[in-house]
$ cat coords30.txt   # compact mmCIF, C-alpha atoms
# COMPACT_ATOMS: atom_id res chain seq x y z
CA MET L 1 0.00 0.00 0.00
CA SER L 2 1.29 3.46 -0.91
CA ASP L 3 -0.03 6.87 0.11
CA GLU L 4 1.26 9.70 -2.08
CA ARG L 5 -0.47 12.52 -0.15
CA PRO L 6 1.88 15.06 1.43
CA ILE L 7 2.91 15.41 5.05
CA GLY L 8 1.93 18.79 6.47
CA VAL L 9 4.41 20.63 8.71
CA PHE L 10 3.80 23.94 10.48
CA ASP L 11 5.58 26.34 12.79
CA SER L 12 5.04 29.87 14.02
CA GLY L 13 7.84 30.90 11.69
CA ILE L 14 11.05 29.61 10.20
CA GLY L 15 12.76 27.53 12.92
CA GLY L 16 10.62 24.49 12.12
CA ILE L 17 12.46 24.21 8.82
CA THR L 18 15.10 22.25 10.78
CA VAL L 19 12.39 19.62 11.27
CA LEU L 20 11.51 19.85 7.58
CA LYS L 21 15.17 19.34 6.69
CA ALA L 22 15.33 16.23 8.88
CA LEU L 23 12.14 14.90 7.30
CA ARG L 24 13.50 15.56 3.80
CA ALA L 25 16.71 13.66 4.64
CA THR L 26 14.93 10.75 6.38
CA LEU L 27 11.99 10.47 3.99
CA PRO L 28 13.31 11.53 0.56
CA HIS L 29 10.33 10.11 -1.35
CA GLU L 30 7.62 11.89 0.65
CA ASN L 31 5.90 15.07 -0.51
CA LEU L 32 6.11 17.80 2.15
CA VAL L 33 4.15 21.02 2.68
CA TYR L 34 5.62 23.51 5.16
CA LEU L 35 3.57 26.39 6.57
CA GLY L 36 5.28 29.17 8.49
CA ASP L 37 2.83 31.49 10.29
CA THR L 38 5.31 34.36 10.01
CA ALA L 39 2.61 37.05 10.31
CA ARG L 40 1.92 36.05 13.93
CA LEU L 41 5.26 34.87 15.31
CA PRO L 42 6.40 34.27 17.96
CA TYR L 43 3.87 31.91 19.50
CA GLY L 44 5.89 31.77 22.72
CA THR L 45 4.57 35.11 23.98
CA LYS L 46 0.91 34.23 23.40
CA SER L 47 -1.61 32.60 25.73
CA ALA L 48 -2.32 28.88 25.47
CA GLU L 49 -5.78 29.66 24.11
CA THR L 50 -4.39 31.90 21.38
CA VAL L 51 -1.66 29.43 20.41
CA THR L 52 -4.25 26.64 20.17
CA ALA L 53 -6.43 28.84 17.96
CA TYR L 54 -3.48 29.70 15.70
CA ALA L 55 -2.38 26.07 15.50
CA THR L 56 -5.93 25.02 14.63
CA GLN L 57 -6.06 27.58 11.81
CA ALA L 58 -2.68 26.46 10.45
CA THR L 59 -3.77 22.84 10.55
CA LYS L 60 -7.05 23.61 8.83
CA HIS L 61 -5.13 25.24 5.99
CA LEU L 62 -2.86 22.21 5.67
CA LEU L 63 -5.90 19.94 5.50
CA GLY L 64 -6.84 21.89 2.39
CA HIS L 65 -3.72 20.39 0.81
CA ASP L 66 -5.01 16.87 1.56
CA VAL L 67 -2.22 16.05 4.01
CA LYS L 68 -2.05 12.53 5.45
CA MET L 69 -0.24 13.60 8.64
CA VAL L 70 0.44 16.83 10.53
CA VAL L 71 3.77 17.58 12.21
CA ILE L 72 3.83 20.43 14.74
CA ALA L 73 7.37 21.76 14.23
CA CYS L 74 6.97 24.25 17.08
CA ASN L 75 7.74 23.64 20.73
CA THR L 76 5.13 26.08 22.06
CA ALA L 77 2.35 24.68 19.88
CA SER L 78 3.43 21.12 20.69
CA ALA L 79 3.19 21.90 24.39
CA VAL L 80 -0.32 23.37 24.39
CA ALA L 81 -2.08 22.30 21.17
CA LEU L 82 -0.98 18.72 20.50
CA GLU L 83 -3.78 16.97 22.38
CA PRO L 84 -6.60 19.24 21.07
CA LEU L 85 -5.34 18.77 17.51
CA LYS L 86 -5.07 15.00 17.92
CA LYS L 87 -8.72 14.86 18.96
CA ALA L 88 -9.89 17.27 16.26
CA LEU L 89 -8.00 15.61 13.39
CA ALA L 90 -8.47 11.93 14.21
CA PRO L 91 -7.85 9.61 12.43
CA ILE L 92 -5.17 11.82 10.79
CA PRO L 93 -2.06 11.41 12.96
CA VAL L 94 -0.54 14.49 14.60
CA ILE L 95 3.05 14.49 15.91
CA GLY L 96 4.77 17.19 17.98
CA VAL L 97 8.45 17.80 18.66
CA ILE L 98 8.56 17.56 22.45
CA GLU L 99 7.78 13.90 23.17
CA PRO L 100 10.25 12.47 20.58
CA GLY L 101 13.03 14.72 21.91
CA ALA L 102 12.25 13.89 25.53
CA LYS L 103 12.20 10.14 24.89
CA ALA L 104 15.46 10.31 22.95
CA GLY L 105 17.03 12.17 25.86
CA THR L 106 16.07 9.42 28.30
CA LYS L 107 17.52 6.78 25.97
CA ALA L 108 20.78 8.69 25.53
CA THR L 109 21.56 9.42 29.18
CA LYS L 110 23.69 7.06 31.25
CA THR L 111 23.45 9.00 34.51
CA GLY L 112 19.81 10.11 34.48
CA ARG L 113 20.93 13.75 34.42
CA ILE L 114 19.49 15.55 31.40
CA GLY L 115 19.84 19.18 30.40
CA VAL L 116 17.29 21.02 28.27
CA ILE L 117 17.92 24.30 26.47
CA ALA L 118 14.99 26.11 24.90
CA THR L 119 13.31 29.50 24.69
CA GLU L 120 12.18 31.14 27.91
CA ALA L 121 8.52 30.32 27.19
CA THR L 122 9.25 26.62 26.65
CA VAL L 123 11.37 26.43 29.80
CA LYS L 124 8.71 28.17 31.90
CA GLY L 125 6.01 25.89 30.53
CA GLY L 126 7.95 22.83 31.70
CA ALA L 127 6.71 20.55 28.91
CA TYR L 128 10.11 18.92 28.35
CA MET L 129 10.61 18.32 32.06
CA ARG L 130 7.21 16.64 32.33
CA ALA L 131 7.79 14.52 29.21
CA ILE L 132 11.25 13.43 30.34
CA GLN L 133 10.12 12.53 33.84
CA ALA L 134 7.12 10.65 32.45
CA ALA L 135 9.50 8.56 30.31
CA MET L 136 12.10 8.24 33.08
CA PRO L 137 10.74 8.77 36.60
CA GLY L 138 13.50 10.06 38.82
CA ALA L 139 15.43 11.76 36.02
CA GLU L 140 17.26 14.93 37.08
CA VAL L 141 16.27 17.60 34.59
CA THR L 142 18.05 20.95 34.43
CA GLN L 143 16.73 23.63 32.10
CA ALA L 144 18.21 26.85 30.73
CA PRO L 145 16.57 29.48 28.52
CA CYS L 146 18.81 30.46 25.59
CA GLY L 147 16.83 33.11 23.76
CA LEU L 148 19.78 34.72 22.00
CA PHE L 149 20.40 31.46 20.12
CA VAL L 150 17.21 32.15 18.14
CA THR L 151 18.53 35.51 16.95
CA LEU L 152 21.98 34.10 16.16
CA ALA L 153 20.41 31.27 14.16
CA GLU L 154 18.25 33.64 12.13
CA GLU L 155 21.22 35.90 11.40
CA GLY L 156 23.29 32.92 10.30
CA TRP L 157 25.82 33.49 13.09
CA VAL L 158 26.01 29.82 13.99
CA LYS L 159 29.78 29.53 14.51
CA GLY L 160 32.66 31.78 15.42
CA ASP L 161 33.48 33.99 18.40
CA VAL L 162 30.03 35.52 18.94
CA ALA L 163 28.18 32.18 18.84
CA GLU L 164 30.77 30.52 21.08
CA ALA L 165 30.67 33.37 23.60
CA ALA L 166 26.88 33.12 23.83
CA ALA L 167 27.06 29.34 24.20
CA ARG L 168 29.61 29.60 27.02
CA ARG L 169 27.53 32.22 28.81
CA TYR L 170 24.39 30.12 28.64
CA LEU L 171 25.84 26.66 29.16
CA ALA L 172 28.65 27.13 31.71
CA PRO L 173 26.24 27.29 34.70
CA LEU L 174 24.44 24.18 33.42
CA PHE L 175 27.59 22.07 33.16
CA LYS L 176 29.62 23.04 36.20
CA GLY L 177 30.24 20.55 38.98
CA ARG L 178 30.30 16.77 39.22
CA ASN L 179 26.55 16.36 38.78
CA ALA L 180 26.38 18.04 35.39
CA PRO L 181 24.09 16.52 32.75
CA ASP L 182 25.56 13.94 30.41
CA THR L 183 22.85 14.61 27.82
CA LEU L 184 21.57 17.89 26.39
CA VAL L 185 18.24 18.15 24.58
CA LEU L 186 18.06 20.94 22.00
CA GLY L 187 14.53 21.99 22.87
CA CYS L 188 14.01 24.64 20.20
CA THR L 189 13.74 24.09 16.46
CA HIS L 190 16.25 26.91 15.87
CA PHE L 191 19.01 25.24 17.87
CA PRO L 192 20.13 22.38 15.59
CA VAL L 193 21.93 24.85 13.31
CA LEU L 194 24.07 25.78 16.34
CA ALA L 195 24.78 22.16 17.28
CA ARG L 196 28.47 22.20 16.31
CA THR L 197 29.15 25.29 18.39
CA ILE L 198 27.17 23.92 21.33
CA ALA L 199 29.06 20.60 21.12
CA LYS L 200 32.38 22.44 21.07
CA VAL L 201 31.47 24.30 24.26
CA VAL L 202 29.99 21.41 26.29
CA GLY L 203 32.54 18.81 25.18
CA LYS L 204 32.46 15.38 23.60
CA GLN L 205 31.33 13.71 26.81
CA VAL L 206 27.88 15.31 26.49
CA LYS L 207 25.40 13.68 24.12
CA LEU L 208 23.36 16.18 22.12
CA VAL L 209 19.77 15.26 21.27
CA ASP L 210 18.37 17.02 18.21
CA SER L 211 14.57 17.19 18.50
CA ALA L 212 14.33 17.70 14.72
CA ALA L 213 16.06 14.39 14.00
CA THR L 214 14.09 12.53 16.66
CA THR L 215 10.81 13.93 15.33
CA ALA L 216 11.71 12.72 11.83
CA LYS L 217 12.28 9.26 13.27
CA ALA L 218 8.89 9.35 15.03
CA VAL L 219 7.21 10.39 11.79
CA THR L 220 8.90 7.54 9.91
CA GLU L 221 7.69 5.03 12.48
CA ALA L 222 4.13 6.44 12.46
CA LEU L 223 3.94 6.24 8.65
CA ALA L 224 5.05 2.61 8.71
CA GLU L 225 2.64 1.64 11.51
CA ARG L 226 -0.33 3.14 9.66
CA GLY L 227 0.63 2.06 6.14
CA LEU L 228 0.88 5.68 5.03
CA ALA L 229 4.39 5.70 3.59
CA ALA L 230 4.89 6.72 -0.03
CA LYS L 231 6.37 3.99 -2.19
CA ARG L 232 7.44 6.13 -5.14
CA LYS L 233 11.05 5.96 -6.29
CA ALA L 234 11.23 9.60 -7.34
CA ARG L 235 12.26 12.33 -4.88
CA GLY L 236 9.31 13.96 -3.18
CA LYS L 237 8.41 17.61 -3.65
CA THR L 238 8.72 20.30 -0.99
CA ARG L 239 6.25 23.18 -0.95
CA PHE L 240 6.69 26.33 1.15
CA LEU L 241 3.83 28.51 2.46
CA ALA L 242 4.15 31.66 4.59
CA THR L 243 1.63 34.11 6.03
CA ASP L 244 3.97 37.12 5.68
CA SER L 245 7.29 38.29 4.17
CA THR L 246 8.16 35.62 1.63
CA GLU L 247 11.53 37.29 0.95
CA ARG L 248 12.71 37.01 4.55
CA PHE L 249 11.26 33.52 4.81
CA ALA L 250 13.36 32.45 1.82
CA ARG L 251 16.53 34.19 3.00
CA VAL L 252 16.51 32.93 6.59
CA GLY L 253 14.82 29.63 5.73
CA GLY L 254 17.72 28.71 3.47
CA ILE L 255 20.04 28.80 6.52
CA PHE L 256 17.87 26.24 8.31
CA PHE L 257 17.17 24.11 5.23
CA GLY L 258 20.81 23.89 4.24
CA GLU L 259 20.07 24.88 0.66
CA GLU L 260 18.72 27.89 -1.18
CA ILE L 261 15.01 28.69 -1.00
CA ARG L 262 13.93 31.15 -3.67
CA ALA L 263 11.41 33.81 -2.66
CA ARG L 264 9.35 33.10 -5.77
CA ASP L 265 8.95 29.51 -4.56
CA VAL L 266 7.34 30.63 -1.27
CA GLU L 267 3.57 31.02 -1.54
CA LEU L 268 1.94 33.78 0.50
CA VAL L 269 -1.24 32.50 2.14
CA ASP L 270 -3.95 33.82 4.44
CA ILE L 271 -5.02 31.36 7.13
CA MET L 272 -7.16 33.77 9.17
CA PRO L 273 -10.80 32.73 9.47
CA GLY L 274 -13.41 34.89 7.82
$ encode --input "coords30.txt" --output "structure tokens"
Amino acid sequence: MSDERPIGVFDSGIGGITVLKALRATLPHENLVYLGDTARLPYGTKSAETVTAYATQATKHLLGHDVKMVVIACNTASAVALEPLKKALAPIPVIGVIEPGAKAGTKATKTGRIGVIATEATVKGGAYMRAIQAAMPGAEVTQAPCGLFVTLAEEGWVKGDVAEAAARRYLAPLFKGRNAPDTLVLGCTHFPVLARTIAKVVGKQVKLVDSAATTAKAVTEALAERGLAAKRKARGKTRFLATDSTERFARVGGIFFGEEIRARDVELVDIMPG
């Protein structure tokens, strides 16, 4: 059985393209549709009710593209809107980024001490801590907000003195002492592009968990379980949608995607109800 319908992916903006990149690498034959709600970013400063409403609108638009699965490539939306969307979209599967990253962190650790770096909103919400401790009761979870990493990622300053200085400032308190984490979960979709710099600062003894890669693995497993995988031999197509500023989406998105995105290939869409 083969299902050629696309997989829908959405984020409040551009960071979720790291998840898209991981999906493209893991599932080269699948068609993908990515929606960045750039007109209303960031979601992290909004109430749970507002984020759920925005996520519902984004998902509704993706359903118009006949998607067979929805991937929430946004930590904030995954934290507050995953369960409502699962109920609303059933039987269409919905996968968020938090649970795959949390589970991978518990599998990677040898000491039970796990660090999580994310935006301030994600850290305050505690979704990763809850998911990690649900998968590994008794795990010691230490969190640190690293908001400047988002700006550095979007500027393309992912290595060099500035990126390393920021990483040391953020991560030194997290990794001092004998009881430092042996595993670090990158709990923001912007952070994988900074992985090399982060690894350089924390050292080889610390295992980095990329939530983008772990989400791609979860999607692969879900497709196989439900018989939804595409069986075509040709490379799948990738379609980009944005709710504002297609030029900036293309410029910054190319940094996250690892290859050029042309502005003319980004479709401007309106997902507001009415």
$ residues_around --input "coords30.txt" --residues "segment 91-100 of chain L" --least-positions-apart "2" --cutoff "7 Å" --atoms "all atoms listed in the file" --output "list in words"
Lys68, Met69, Val70, Val71, Ile72, Ala73, Cys74, Asn75, Ser78, Leu82, Lys86, Leu89, Ala102, Lys103, Ala104, Tyr128, Ala131, Ser211, Thr214, Thr215 and Ala218 of chain L
$ residues_around --input "coords30.txt" --residues "Leu27 of chain L" --least-positions-apart "5" --cutoff "10 Å" --atoms "all atoms listed in the file" --output "JSON list (two decimals) with C-alpha atoms, in the frame of the given file"
[["chain", "number", "residue", "atom", "x", "y", "z"],
["L", 21, "LYS", "CA", 15.17, 19.34, 6.69],
["L", 22, "ALA", "CA", 15.33, 16.23, 8.88],
["L", 32, "LEU", "CA", 6.11, 17.80, 2.15],
["L", 216, "ALA", "CA", 11.71, 12.72, 11.83],
["L", 217, "LYS", "CA", 12.28, 9.26, 13.27],
["L", 219, "VAL", "CA", 7.21, 10.39, 11.79],
["L", 220, "THR", "CA", 8.90, 7.54, 9.91],
["L", 229, "ALA", "CA", 4.39, 5.70, 3.59],
["L", 230, "ALA", "CA", 4.89, 6.72, -0.03],
["L", 235, "ARG", "CA", 12.26, 12.33, -4.88],
["L", 236, "GLY", "CA", 9.31, 13.96, -3.18]]
$ residues_around --input "coords30.txt" --residues "segment 255-268 of chain L" --least-positions-apart "2" --cutoff "6 Å" --atoms "all atoms listed in the file" --output "list in words"
Ile17, Thr18, Lys21, Phe240, Leu241, Ala242, Thr243, Thr246, Glu247, Ala250, Val252 and Gly253 of chain L
$ residues_around --input "coords30.txt" --residues "Val158 of chain L" --least-positions-apart "6" --cutoff "12 Å" --atoms "all atoms listed in the file" --output "VMD selection string"
chain L and resid 148 to 152 164 to 167 190 to 198 255 to 256
$ atom_distance --input "coords30.txt" --atom1 "atom CA of Cys188 of chain L" --atom2 "atom CA of Ile117 of chain L"
7.4 Å
$ closest_residue --input "coords30.txt" --among "L:Arg5, L:Lys231, L:Arg248, L:Arg24" --to "Leu63 of chain L" --atoms "all atoms listed in the file"
L:Arg5
$ closest_residue --input "coords30.txt" --among "L:Gly138, L:Gly187, L:Gly203, L:Gly16" --to "Gly101 of chain L" --atoms "all atoms listed in the file"
L:Gly187
$ atom_distance --input "coords30.txt" --atom1 "atom CA of Ala90 of chain L" --atom2 "atom CA of Thr52 of chain L"
16.4 Å
$ closest_residue --input "coords30.txt" --among "L:Ile7, L:Leu41, L:Ala127, L:Ala153" --to "Asp244 of chain L" --atoms "all atoms listed in the file"
L:Leu41
$ atom_distance --input "coords30.txt" --atom1 "atom CA of Gly112 of chain L" --atom2 "atom CA of Lys200 of chain L"
22.1 Å
$ residues_around --input "coords30.txt" --residues "Gly8 of chain L" --least-positions-apart "5" --cutoff "6 Å" --atoms "all atoms listed in the file" --output "PyMOL selection string"
chain L and resi 33+62+67+70
